[in-house]
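Asks: Structure file structure-v2.cif (mmCIF, C-alpha atoms) right here:
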data_start
loop_
_atom_site.label_atom_id
_atom_site.label_comp_id
_atom_site.auth_asym_id
_atom_site.auth_seq_id
_atom_site.Cartn_x
_atom_site.Cartn_y
_atom_site.Cartn_z
CA MET W 795 18.70 56.19 -43.21
CA THR W 796 22.27 54.87 -43.41
CA THR W 797 22.16 52.65 -40.31
CA LEU W 798 19.53 50.79 -38.36
CA PRO W 799 18.56 52.41 -35.06
CA ALA W 800 20.35 51.36 -31.89
CA PRO W 801 18.22 49.62 -29.26
CA ARG W 802 16.82 51.88 -26.52
CA THR W 803 16.82 49.08 -23.93
CA PRO W 804 17.75 50.52 -20.51
CA ASP W 805 20.72 49.09 -18.63
CA PRO W 806 19.36 46.05 -16.75
CA MET W 807 21.72 46.83 -13.86
CA ALA W 808 19.92 50.14 -13.38
CA ALA W 809 16.57 48.45 -12.75
CA PRO W 810 15.46 48.64 -9.10
CA ALA W 811 16.28 45.54 -7.06
CA LEU W 812 13.20 43.55 -6.05
CA ASN W 813 12.76 40.32 -4.11
CA TRP W 814 11.67 37.47 -6.37
CA GLY W 815 9.98 34.20 -5.56
CA VAL W 816 10.08 31.43 -8.18
CA ILE W 817 7.36 28.81 -8.53
CA GLY W 818 8.85 25.83 -10.32
CA THR W 819 12.30 24.26 -10.36
CA GLY W 820 12.73 23.13 -13.95
CA TRP W 821 14.92 24.00 -16.93
CA ILE W 822 13.55 27.50 -17.57
CA ALA W 823 13.66 28.47 -13.88
CA GLU W 824 17.36 27.60 -13.73
CA ARG W 825 18.19 29.65 -16.81
CA PHE W 826 16.06 32.59 -15.75
CA ILE W 827 17.69 32.76 -12.32
CA GLY W 828 21.18 32.44 -13.77
CA SER W 829 20.71 35.15 -16.38
CA VAL W 830 18.96 37.54 -14.00
CA ARG W 831 21.68 37.12 -11.39
CA ARG W 832 24.48 37.76 -13.86
CA HIS W 833 22.99 40.87 -15.44
CA THR W 834 20.73 42.62 -12.90
CA ARG W 835 20.54 43.50 -9.21
CA GLN W 836 17.37 41.43 -8.63
CA ARG W 837 17.33 39.17 -5.56
CA PHE W 838 15.89 35.66 -5.28
CA THR W 839 14.51 35.08 -1.80
CA ALA W 840 12.30 32.02 -2.28
CA VAL W 841 11.57 29.06 -4.53
CA ALA W 842 8.66 26.63 -4.31
CA SER W 843 8.03 23.12 -5.58
CA ARG W 844 5.36 20.55 -4.83
CA SER W 845 8.24 18.63 -3.19
CA ALA W 846 9.83 20.30 -0.16
CA ALA W 847 13.01 18.28 -0.67
CA ARG W 848 13.32 19.38 -4.28
CA ALA W 849 12.68 23.02 -3.35
CA GLU W 850 15.28 22.93 -0.60
CA GLU W 851 17.85 21.27 -2.86
CA PHE W 852 17.19 23.80 -5.62
CA ALA W 853 17.42 26.71 -3.15
CA ALA W 854 20.72 25.44 -1.76
CA ARG W 855 22.18 24.91 -5.23
CA HIS W 856 21.22 28.41 -6.38
CA GLY W 857 21.86 30.32 -3.17
CA ILE W 858 18.19 31.17 -2.64
CA THR W 859 17.17 32.05 0.91
CA ARG W 860 14.29 29.59 1.32
CA GLY W 861 12.78 26.58 -0.42
CA TYR W 862 9.08 25.90 0.17
CA GLY W 863 7.19 22.67 -0.31
CA SER W 864 3.99 24.50 -1.29
CA TYR W 865 3.15 27.38 -3.58
CA GLU W 866 0.89 28.87 -0.90
CA GLU W 867 3.83 29.34 1.45
CA LEU W 868 5.82 31.19 -1.16
CA VAL W 869 3.12 33.68 -2.12
CA ALA W 870 2.46 34.37 1.57
CA ALA W 871 6.13 35.21 2.26
CA ALA W 872 6.64 38.81 3.35
CA ASP W 873 10.02 39.03 1.62
CA VAL W 874 8.64 38.26 -1.87
CA ASP W 875 7.72 41.28 -4.03
CA VAL W 876 7.12 39.55 -7.35
CA VAL W 877 6.50 35.93 -8.35
CA TYR W 878 7.92 34.28 -11.45
CA VAL W 879 5.70 31.37 -12.51
CA ALA W 880 7.88 28.72 -14.17
CA THR W 881 5.67 25.64 -13.88
CA GLU W 882 4.30 23.42 -16.61
CA HIS W 883 1.73 25.17 -18.83
CA THR W 884 -1.24 23.47 -17.19
CA ALA W 885 -0.47 25.17 -13.86
CA HIS W 886 0.03 28.74 -15.11
CA LEU W 887 -3.52 29.89 -14.40
CA ALA W 888 -3.69 28.43 -10.89
CA CYS W 889 -0.25 29.75 -9.91
CA ALA W 890 -0.85 33.22 -11.34
CA ARG W 891 -4.19 33.37 -9.58
CA LEU W 892 -2.60 32.27 -6.31
CA ALA W 893 0.08 34.95 -6.50
CA LEU W 894 -2.28 37.76 -7.48
CA GLU W 895 -4.81 36.87 -4.80
CA ALA W 896 -1.96 37.03 -2.27
CA GLY W 897 -1.16 40.57 -3.42
CA LYS W 898 2.01 39.73 -5.38
CA HIS W 899 3.06 41.07 -8.74
CA VAL W 900 3.56 38.27 -11.25
CA LEU W 901 5.62 37.38 -14.30
CA VAL W 902 4.15 34.26 -15.93
CA GLU W 903 6.27 32.13 -18.23
CA LYS W 904 4.76 31.87 -21.69
CA PRO W 905 2.06 31.08 -22.55
CA LEU W 906 0.12 33.24 -20.09
CA GLY W 907 -2.58 30.54 -20.02
CA LEU W 908 -3.57 27.41 -21.91
CA ASN W 909 -6.03 29.44 -23.95
CA ALA W 910 -7.35 32.96 -24.41
CA ALA W 911 -10.02 32.55 -21.73
CA GLN W 912 -7.41 31.68 -19.10
CA ALA W 913 -5.16 34.53 -20.20
CA ALA W 914 -8.04 37.00 -20.03
CA GLU W 915 -8.92 35.77 -16.55
CA ILE W 916 -5.37 36.40 -15.34
CA ALA W 917 -5.29 39.85 -16.94
CA GLU W 918 -8.63 40.81 -15.40
CA LEU W 919 -7.60 39.62 -11.94
CA ALA W 920 -4.33 41.56 -12.08
CA ALA W 921 -6.13 44.72 -13.18
CA SER W 922 -8.75 44.38 -10.43
CA ARG W 923 -5.99 44.06 -7.81
CA GLY W 924 -3.86 46.87 -9.25
CA LEU W 925 -0.90 44.49 -9.57
CA PHE W 926 1.71 44.16 -12.29
CA CYS W 927 1.30 41.15 -14.55
CA ALA W 928 3.12 40.17 -17.73
CA GLU W 929 3.73 37.15 -19.90
CA ALA W 930 7.42 36.24 -19.85
CA LEU W 931 7.67 36.01 -23.62
CA TRP W 932 11.28 37.13 -23.49
CA THR W 933 11.61 37.87 -27.21
CA PHE W 934 9.80 41.20 -26.98
CA PHE W 935 12.11 42.47 -24.24
CA LEU W 936 15.34 41.85 -26.16
CA PRO W 937 17.39 44.72 -27.64
CA ARG W 938 17.06 43.00 -31.04
CA PHE W 939 13.31 43.46 -30.94
CA ASP W 940 13.55 47.10 -29.95
CA VAL W 941 15.39 47.60 -33.23
CA VAL W 942 12.52 45.83 -35.03
CA ARG W 943 10.04 47.95 -33.09
CA GLN W 944 11.73 51.18 -34.20
CA VAL W 945 11.92 50.09 -37.82
CA LEU W 946 8.21 49.28 -37.83
CA ASP W 947 7.31 52.56 -36.12
CA SER W 948 9.47 54.58 -38.54
CA GLY W 949 7.63 53.36 -41.63
CA MET W 950 10.86 52.18 -43.29
CA LEU W 951 9.08 49.08 -44.56
CA GLY W 952 6.20 50.99 -46.11
CA GLU W 953 2.94 49.06 -45.87
CA VAL W 954 3.69 45.73 -44.23
CA ARG W 955 2.18 43.00 -46.37
CA SER W 956 3.63 39.71 -45.13
CA VAL W 957 5.08 37.92 -42.13
CA LEU W 958 6.78 34.53 -42.53
CA ALA W 959 7.97 32.80 -39.36
CA ASP W 960 9.09 29.29 -38.50
CA LEU W 961 10.33 27.52 -35.38
CA GLY W 962 11.17 23.84 -35.38
CA GLU W 963 13.19 21.69 -33.00
CA TYR W 964 13.75 17.96 -33.03
CA PHE W 965 12.60 16.01 -29.98
CA ASP W 966 13.44 12.33 -29.63
CA PRO W 967 10.16 10.38 -29.29
CA ALA W 968 11.83 8.22 -26.64
CA GLY W 969 13.28 11.17 -24.73
CA GLY W 970 10.41 11.70 -22.30
CA HIS W 971 10.49 15.49 -22.64
CA ARG W 972 7.55 17.45 -21.20
CA ILE W 973 6.71 18.73 -24.69
CA LEU W 974 5.79 15.15 -25.68
CA ARG W 975 3.25 14.69 -22.87
CA ALA W 976 -0.41 15.22 -23.74
CA ASP W 977 -1.36 15.55 -20.06
CA LEU W 978 0.90 18.64 -19.84
CA ALA W 979 -0.50 20.32 -22.97
CA GLY W 980 2.44 19.13 -25.05
CA GLY W 981 3.09 19.58 -28.74
CA PRO W 982 4.88 22.45 -30.47
CA LEU W 983 2.20 25.15 -30.33
CA LEU W 984 2.59 26.53 -26.80
CA ASP W 985 6.34 25.99 -26.48
CA LEU W 986 7.54 26.83 -29.99
CA GLY W 987 4.57 28.04 -32.03
CA THR W 988 3.90 30.87 -29.60
CA TYR W 989 6.88 32.70 -31.07
CA PRO W 990 5.90 32.82 -34.75
CA VAL W 991 2.23 33.41 -33.93
CA SER W 992 3.03 36.23 -31.50
CA LEU W 993 5.31 37.85 -34.06
CA ALA W 994 2.56 37.77 -36.69
CA THR W 995 -0.12 39.18 -34.38
CA TRP W 996 2.26 41.85 -33.05
CA VAL W 997 3.16 43.08 -36.53
CA LEU W 998 -0.18 42.64 -38.32
CA GLY W 999 -2.69 42.79 -35.47
CA PRO W 1000 -5.21 40.14 -34.35
CA ALA W 1001 -6.03 37.67 -37.11
CA GLU W 1002 -9.61 37.45 -38.34
CA SER W 1003 -9.14 34.46 -40.67
CA VAL W 1004 -7.13 31.37 -39.71
CA GLN W 1005 -6.47 28.27 -41.76
CA ALA W 1006 -4.34 25.48 -40.29
CA SER W 1007 -3.47 21.81 -40.53
CA GLY W 1008 -1.15 19.53 -38.63
CA GLN W 1009 0.27 16.06 -38.19
CA ALA W 1010 0.38 13.82 -35.13
CA HIS W 1011 3.53 12.88 -33.24
CA PRO W 1012 4.18 9.25 -32.20
CA SER W 1013 4.03 10.31 -28.54
CA GLY W 1014 0.34 11.19 -28.90
CA VAL W 1015 0.64 14.98 -29.08
CA ASN W 1016 0.44 17.14 -32.19
CA GLY W 1017 3.82 17.12 -33.92
CA GLN W 1018 3.68 19.77 -36.63
CA ILE W 1019 1.43 22.62 -37.71
CA GLY W 1020 1.34 25.08 -40.58
CA ALA W 1021 -1.09 28.01 -40.52
CA VAL W 1022 -2.06 30.99 -42.66
CA LEU W 1023 -3.41 34.09 -40.91
CA ASP W 1024 -5.53 36.54 -42.90
CA GLY W 1025 -3.67 35.47 -46.05
CA ARG W 1026 -0.79 37.68 -44.86
CA ALA W 1027 1.16 35.59 -42.36
CA VAL W 1028 2.48 32.07 -42.77
CA VAL W 1029 3.62 30.37 -39.56
CA HIS W 1030 5.05 26.92 -39.00
CA THR W 1031 6.20 24.90 -36.01
CA THR W 1032 7.36 21.31 -35.59
CA LEU W 1033 8.83 18.77 -33.19
CA PHE W 1034 10.06 16.54 -36.02
CA SER W 1035 13.02 18.59 -37.29
CA ASP W 1036 15.49 21.35 -36.59
CA THR W 1037 14.28 24.02 -39.02
CA PRO W 1038 15.92 27.38 -39.92
CA SER W 1039 13.67 29.16 -37.36
CA THR W 1040 13.93 32.44 -39.22
CA ALA W 1041 11.43 35.26 -39.65
CA VAL W 1042 10.70 37.80 -42.39
CA ILE W 1043 8.63 40.98 -42.18
CA ALA W 1044 8.02 42.28 -45.71
CA GLY W 1045 6.62 45.64 -46.75
CA THR W 1046 6.17 47.69 -49.89
CA GLU W 1047 9.38 49.69 -49.23
CA GLY W 1048 11.62 47.05 -47.73
CA THR W 1049 12.05 43.75 -45.94
CA LEU W 1050 13.35 42.86 -42.48
CA ARG W 1051 15.04 39.50 -42.01
CA LEU W 1052 15.68 37.95 -38.62
CA PRO W 1053 18.22 35.11 -39.00
CA GLY W 1054 17.49 32.07 -36.87
CA PRO W 1055 16.75 31.56 -34.15
CA PHE W 1056 14.66 34.68 -34.70
CA TYR W 1057 13.20 34.78 -31.18
CA GLN W 1058 16.61 34.96 -29.45
CA PRO W 1059 19.32 37.65 -29.44
CA GLY W 1060 20.77 38.13 -32.92
CA ASP W 1061 20.92 40.26 -36.04
CA VAL W 1062 18.34 42.38 -37.84
CA VAL W 1063 18.82 42.88 -41.60
CA PHE W 1064 16.95 45.49 -43.67
CA SER W 1065 16.87 45.28 -47.46
CA PRO W 1066 15.21 48.01 -49.54
CA ALA W 1067 12.53 46.96 -52.01
CA GLY W 1068 13.90 46.43 -55.51
CA GLY W 1069 17.50 46.01 -54.42
CA GLY W 1070 20.20 48.19 -52.98
CA PRO W 1071 22.59 47.90 -50.04
CA SER W 1072 21.33 46.22 -46.90
CA LEU W 1073 21.57 47.62 -43.39
CA THR W 1074 22.40 45.31 -40.49
CA TYR W 1075 22.14 45.59 -36.74
CA THR W 1076 24.37 43.00 -35.09
CA GLU W 1077 24.40 41.65 -31.55
CA PRO W 1078 26.01 38.56 -30.02
CA LEU W 1079 24.15 35.24 -30.23
CA THR W 1080 23.87 34.77 -26.47
CA GLY W 1081 20.79 32.52 -26.47
CA HIS W 1082 18.90 32.24 -23.20
CA GLU W 1083 21.37 34.58 -21.52
CA GLY W 1084 18.90 37.24 -22.71
CA LEU W 1085 16.20 36.16 -20.23
CA HIS W 1086 17.20 38.88 -17.78
CA PHE W 1087 15.74 41.68 -19.92
CA GLU W 1088 12.17 40.67 -19.00
CA ALA W 1089 12.98 40.71 -15.28
CA ALA W 1090 14.53 44.17 -15.51
CA GLU W 1091 11.48 45.47 -17.38
CA ALA W 1092 9.15 44.02 -14.76
CA ALA W 1093 11.14 45.70 -11.99
CA ARG W 1094 11.03 49.07 -13.77
CA CYS W 1095 7.29 48.82 -14.37
CA ILE W 1096 6.60 47.89 -10.74
CA ARG W 1097 8.73 50.80 -9.55
CA ASP W 1098 6.78 53.15 -11.82
CA GLY W 1099 3.38 51.85 -10.67
CA LEU W 1100 2.49 50.23 -14.01
CA VAL W 1101 0.24 47.17 -14.03
CA GLU W 1102 1.58 45.92 -17.35
CA THR W 1103 4.45 46.56 -19.75
CA PRO W 1104 4.02 48.41 -23.05
CA LEU W 1105 6.56 46.00 -24.57
CA ARG W 1106 4.15 43.06 -24.24
CA PRO W 1107 0.69 44.28 -23.17
CA LEU W 1108 -1.65 41.62 -21.85
CA THR W 1109 -4.03 42.34 -24.72
CA ASP W 1110 -1.28 41.10 -27.05
CA SER W 1111 -0.88 37.93 -25.00
CA VAL W 1112 -4.62 37.27 -25.20
CA ALA W 1113 -4.68 38.02 -28.95
CA THR W 1114 -1.91 35.52 -29.58
CA LEU W 1115 -3.75 32.83 -27.65
CA ARG W 1116 -6.99 33.51 -29.55
CA VAL W 1117 -5.17 32.67 -32.76
CA ILE W 1118 -3.59 29.59 -31.18
CA ASP W 1119 -7.05 28.55 -29.95
CA GLU W 1120 -8.36 28.72 -33.50
CA ILE W 1121 -5.35 26.86 -34.89
CA ARG W 1122 -6.04 24.12 -32.34
CA ARG W 1123 -9.73 24.06 -33.22
CA ARG W 1124 -8.83 23.58 -36.86
CA CYS W 1125 -6.45 20.75 -35.93
CA GLY W 1126 -8.68 19.12 -33.29
CA ILE W 1127 -6.30 19.76 -30.37
CA VAL W 1128 -7.85 19.94 -26.89
CA PHE W 1129 -5.79 20.41 -23.75
CA PRO W 1130 -6.48 18.87 -20.31
CA GLY W 1131 -9.41 20.41 -18.45
CA GLU W 1132 -10.65 22.54 -21.32
CA GLN W 1133 -13.84 20.58 -21.81
CA ASP W 1134 -15.10 22.09 -18.56
CA GLU W 1135 -13.76 25.59 -19.19
CA GLN W 1136 -15.42 26.14 -22.57
CA PRO W 1137 -12.78 28.65 -23.68
CA ASP W 1138 -13.86 31.52 -25.93
CA ARG W 1139 -12.41 30.71 -29.36
CA THR W 1140 -14.63 32.97 -31.43
CA ARG W 1141 -14.35 36.48 -30.03
CA GLY W 1142 -12.43 38.76 -32.38
CA ARG W 1143 -12.92 36.57 -35.49
CA THR W 1144 -15.15 37.32 -38.42
CA ALA W 1145 -14.28 35.19 -41.45
CA LEU W 1146 -13.13 31.77 -40.33
#
Here is the file; what I need is its structure written in the form of structure tokens.
Replies:
Amino acid sequence: MTTLPAPRTPDPMAAPALNWGVIGTGWIAERFIGSVRRHTRQRFTAVASRSAARAEEFAARHGITRGYGSYEELVAAADVDVVYVATEHTAHLACARLALEAGKHVLVEKPLGLNAAQAAEIAELAASRGLFCAEALWTFFLPRFDVVRQVLDSGMLGEVRSVLADLGEYFDPAGGHRILRADLAGGPLLDLGTYPVSLATWVLGPAESVQASGQAHPSGVNGQIGAVLDGRAVVHTTLFSDTPSTAVIAGTEGTLRLPGPFYQPGDVVFSPAGGGPSLTYTEPLTGHEGLHFEAAEAARCIRDGLVETPLRPLTDSVATLRVIDEIRRRCGIVFPGEQDEQPDRTRGRTAL
């Protein structure tokens, strides 16, 4: 092969136009709406917040038809086809359940749930209702990752032996960011660590052996974690520093390098084992402008009658959270409400 394959990502503008309702009015909701509007034909007909005034202000600012002061009103709206859940992590399960029970398709911002048990509950409810459901882990919908997907499927790397992935971002302890709040399941794992862990489980499969350790943050949440999965993947995430946030997938015949930030749009570099010229796929570093790809994929799947996307099956979302559950167990991290849930943190493991 003299070049890396081109991405097969369909034109987002060709995706069927659906009516979207958005639950949540924060940072990610604003960027999702902006990107989707600029690059697709999707329509936003409703937004909901726990504050009617905030919902109405957000709707007016973004040209959305209606702002609701309750999530129940939004999911009951006749002009909403699919709901995007953009709340804090601790509300993902309740909001996804609300939408699915109202007969709405749903795209849930990552993580799908606080833990694997919650994610499995959402997946089972969606399947029982015959409704589309996906985790909005936007990385796997990007053209960059379709190139990675094709390289893996082609066998260019030979037998994949290692995955190394890191994602670190500095957060000011005095900044008051949501990620620093223990009551909102803060710390790096769900916001940042999801990306390296999901890459490792996607490439290598569900981990059976997990070793991990971490350090506390002054805000009271976990601040940094390093983990080894099956002796084949090394993942790291931190709130203390801006790290390179790169990823490497290494095989017996070659190595793929994803320059940082690896989870966003960017390059893919293949180097043959033992040396030789590299091959590079290049795309613009557009950052969160790439969020629209997940919305277009959801619209295509719903049009085609699919209840999940092959680009990020719900089984993959649950598998990622099982590993994160075990990392948290090793580091003594418990999120709000979990004491009563008794999440399953053992299924799928054999040698921990």
Asks: Which of these residues is nearest to Leu887 (chain W), using all atoms listed in the file: W:Thr1046, W:Arg1051, W:Val997, W:Gly1131?
Replies: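 Of all the options, W:Gly1131 lies closest to Leu887 (chain W).
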Asks: Taking the file as shown, what set of residues would the PyMOL selection byres ((chain W and resi 931-948) around 7) give back, as a list in words?
Replies: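 Expected selection for the PyMOL selection byres ((chain W and resi 931-948) around 7) here is Pro799, Ala800, Pro801, Arg802, Thr803, Glu903, Lys904, Glu929, Ala930, Gly949, Met950, Leu951, Tyr1057, Gln1058, Pro1059, Gly1060, Asp1061, Val1062, Gly1084, Leu1085, Phe1087, Glu1088, Leu1105 and Arg1106 of chain W.
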Asks: If we count all atoms listed in the file, what is near Phe1034 (chain W) at a cut-off of 9 Å, once residues fewer than 6 positions away on the same chain are taken out, given as a list in words?
Replies: Gly962, Glu963, Tyr964, Phe965, Asp966, His1011, Gly1017 and Gln1018 of chain W
Asks: Take the PyMOL selection byres ((chain W and resi 857) around 12), run it mentally on this structure, and tell me the resulting residues as a list in words.
Replies: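 Applied to this file, the PyMOL selection byres ((chain W and resi 857) around 12) returns Glu824, Ile827, Gly828, Arg831, Arg837, Phe838, Thr839, Ala840, Val841, Ala849, Glu850, Glu851, Phe852, Ala853, Ala854, Arg855, His856, Ile858, Thr859, Arg860 and Gly861 of chain W.
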Asks: Take the residues from that selection and put them in a file with C-alpha atoms, as a PDB file, in the frame of the given file.
Replies:
ATOM      1  CA  GLU W 824      17.360  27.600 -13.730  1.00  0.00           C
ATOM      2  CA  ILE W 827      17.690  32.760 -12.320  1.00  0.00           C
ATOM      3  CA  GLY W 828      21.180  32.440 -13.770  1.00  0.00           C
ATOM      4  CA  ARG W 831      21.680  37.120 -11.390  1.00  0.00           C
ATOM      5  CA  ARG W 837      17.330  39.170  -5.560  1.00  0.00           C
ATOM      6  CA  PHE W 838      15.890  35.660  -5.280  1.00  0.00           C
ATOM      7  CA  THR W 839      14.510  35.080  -1.800  1.00  0.00           C
ATOM      8  CA  ALA W 840      12.300  32.020  -2.280  1.00  0.00           C
ATOM      9  CA  VAL W 841      11.570  29.060  -4.530  1.00  0.00           C
ATOM     10  CA  ALA W 849      12.680  23.020  -3.350  1.00  0.00           C
ATOM     11  CA  GLU W 850      15.280  22.930  -0.600  1.00  0.00           C
ATOM     12  CA  GLU W 851      17.850  21.270  -2.860  1.00  0.00           C
ATOM     13  CA  PHE W 852      17.190  23.800  -5.620  1.00  0.00           C
ATOM     14  CA  ALA W 853      17.420  26.710  -3.150  1.00  0.00           C
ATOM     15  CA  ALA W 854      20.720  25.440  -1.760  1.00  0.00           C
ATOM     16  CA  ARG W 855      22.180  24.910  -5.230  1.00  0.00           C
ATOM     17  CA  HIS W 856      21.220  28.410  -6.380  1.00  0.00           C
ATOM     18  CA  ILE W 858      18.190  31.170  -2.640  1.00  0.00           C
ATOM     19  CA  THR W 859      17.170  32.050   0.910  1.00  0.00           C
ATOM     20  CA  ARG W 860      14.290  29.590   1.320  1.00  0.00           C
ATOM     21  CA  GLY W 861      12.780  26.580  -0.420  1.00  0.00           C
TER      22      GLY W 861
END
Asks: Given only C-alpha atoms as the basis, pick out the residue of W:Pro1038, W:Gly999, W:Gly907, W:Gly970 nearest to Asp985 (chain W).
Replies: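 Using only C-alpha atoms, the shortest distance to Asp985 (chain W) belongs to W:Gly907.
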Asks: From the options W:Phe926, W:Tyr862, W:Trp814, W:Tyr1075, which residue's atoms come nearest to Leu1108 (chain W), counting only C-alpha atoms?
Replies: W:Phe926
Asks: Name the residues that the PyMOL selection byres ((chain W and resi 910) around 9) picks from the file above, as a list in words, using the file's chain letters and numbers.
Replies: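 Output from the PyMOL selection byres ((chain W and resi 910) around 9), applied to this file: Leu906, Gly907, Leu908, Asn909, Ala911, Gln912, Ala913, Ala914, Glu915, Ser1111, Val1112, Ala1113, Thr1114, Leu1115, Arg1116, Val1117, Ile1118, Asp1119, Pro1137, Asp1138 and Arg1139 of chain W.
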Asks: I'd like to know which of W:Asp1098, W:Glu1083, W:Asp977, W:Asp960 is closest to Thr1032 (chain W), using only C-alpha atoms.
Replies: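 Closest residue, counting only C-alpha atoms: W:Asp960.
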Asks: To one decimal place, how far is CA of Ala842 (chain W) from CA of Asp873 (chain W) in Å?
Replies: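 A separation of 13.8 Å between them.
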Asks: Counting only C-alpha atoms, which residue out of W:Gly1068, W:Gly980, W:Pro1012, W:Gly863 sits closest to Ser845 (chain W)?
Replies: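 Among W:Gly1068, W:Gly980, W:Pro1012, W:Gly863, it is W:Gly863 that comes nearest to Ser845 (chain W).
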Asks: Take the point (-6.4, 42.6, -16.1) in the file's coordinates, draw a sphere of radius 12 Å around it, and report as a PyMOL selection string every protein, DNA or RNA residue with an atom inside or on it, counting all atoms listed in the file.
Replies: chain W and resi 890-891+894+900+912-928+1100-1102+1107-1109+1111-1112
Asks: May I have the residues at most 10 Å from (11.4, 26.7, -39.5) in the file's coordinates, counting only C-alpha atoms, as an MDAnalysis selection string?
Replies: chainID W and resid 958:963 990 1029:1032 1035:1041 1054:1056
Asks: What is the distance between CA of Thr834 (chain W) and CA of His1086 (chain W), in Å to one decimal?
Replies: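 If I compute the distance from CA of Thr834 (chain W) to CA of His1086 (chain W), I get 7.1 Å.
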Asks: Quote the spacing between CA of Leu974 (chain W) and CA of Ala880 (chain W) in Å to one decimal place.
Replies: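 One can read the CA of Leu974 (chain W) to CA of Ala880 (chain W) distance as 17.9 Å.
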Asks: Mind filling out region 1018-1023 of chain W with all heavy atoms and sending it as a PDB file, in the frame of the given file?
Replies:
ATOM      1  N   GLN W1018       3.316  18.745 -35.649  1.00  0.00           N
ATOM      2  CA  GLN W1018       3.680  19.770 -36.630  1.00  0.00           C
ATOM      3  C   GLN W1018       2.441  20.500 -37.094  1.00  0.00           C
ATOM      4  O   GLN W1018       1.396  19.878 -37.304  1.00  0.00           O
ATOM      5  CB  GLN W1018       4.399  19.135 -37.815  1.00  0.00           C
ATOM      6  CG  GLN W1018       4.781  20.087 -38.923  1.00  0.00           C
ATOM      7  CD  GLN W1018       5.746  19.457 -39.898  1.00  0.00           C
ATOM      8  OE1 GLN W1018       6.896  19.182 -39.564  1.00  0.00           O
ATOM      9  NE2 GLN W1018       5.283  19.191 -41.111  1.00  0.00           N
ATOM     10  N   ILE W1019       2.572  21.815 -37.276  1.00  0.00           N
ATOM     11  CA  ILE W1019       1.430  22.620 -37.710  1.00  0.00           C
ATOM     12  C   ILE W1019       1.924  23.708 -38.659  1.00  0.00           C
ATOM     13  O   ILE W1019       2.970  24.332 -38.433  1.00  0.00           O
ATOM     14  CB  ILE W1019       0.722  23.279 -36.511  1.00  0.00           C
ATOM     15  CG1 ILE W1019      -0.092  22.232 -35.746  1.00  0.00           C
ATOM     16  CG2 ILE W1019      -0.192  24.420 -36.951  1.00  0.00           C
ATOM     17  CD1 ILE W1019      -0.747  22.758 -34.500  1.00  0.00           C
ATOM     18  N   GLY W1020       1.167  23.927 -39.720  1.00  0.00           N
ATOM     19  CA  GLY W1020       1.340  25.080 -40.580  1.00  0.00           C
ATOM     20  C   GLY W1020       0.034  25.857 -40.599  1.00  0.00           C
ATOM     21  O   GLY W1020      -1.043  25.260 -40.615  1.00  0.00           O
ATOM     22  N   ALA W1021       0.120  27.189 -40.563  1.00  0.00           N
ATOM     23  CA  ALA W1021      -1.090  28.010 -40.520  1.00  0.00           C
ATOM     24  C   ALA W1021      -0.908  29.265 -41.370  1.00  0.00           C
ATOM     25  O   ALA W1021       0.207  29.783 -41.509  1.00  0.00           O
ATOM     26  CB  ALA W1021      -1.430  28.397 -39.085  1.00  0.00           C
ATOM     27  N   VAL W1022      -2.019  29.737 -41.912  1.00  0.00           N
ATOM     28  CA  VAL W1022      -2.060  30.990 -42.660  1.00  0.00           C
ATOM     29  C   VAL W1022      -3.041  31.913 -41.962  1.00  0.00           C
ATOM     30  O   VAL W1022      -4.192  31.526 -41.702  1.00  0.00           O
ATOM     31  CB  VAL W1022      -2.498  30.760 -44.124  1.00  0.00           C
ATOM     32  CG1 VAL W1022      -2.548  32.090 -44.874  1.00  0.00           C
ATOM     33  CG2 VAL W1022      -1.544  29.793 -44.824  1.00  0.00           C
ATOM     34  N   LEU W1023      -2.597  33.122 -41.640  1.00  0.00           N
ATOM     35  CA  LEU W1023      -3.410  34.090 -40.910  1.00  0.00           C
ATOM     36  C   LEU W1023      -3.765  35.248 -41.821  1.00  0.00           C
ATOM     37  O   LEU W1023      -2.867  35.964 -42.304  1.00  0.00           O
ATOM     38  CB  LEU W1023      -2.646  34.612 -39.676  1.00  0.00           C
ATOM     39  CG  LEU W1023      -1.894  33.585 -38.818  1.00  0.00           C
ATOM     40  CD1 LEU W1023      -1.224  34.272 -37.630  1.00  0.00           C
ATOM     41  CD2 LEU W1023      -2.834  32.482 -38.362  1.00  0.00           C
TER      42      LEU W1023
END
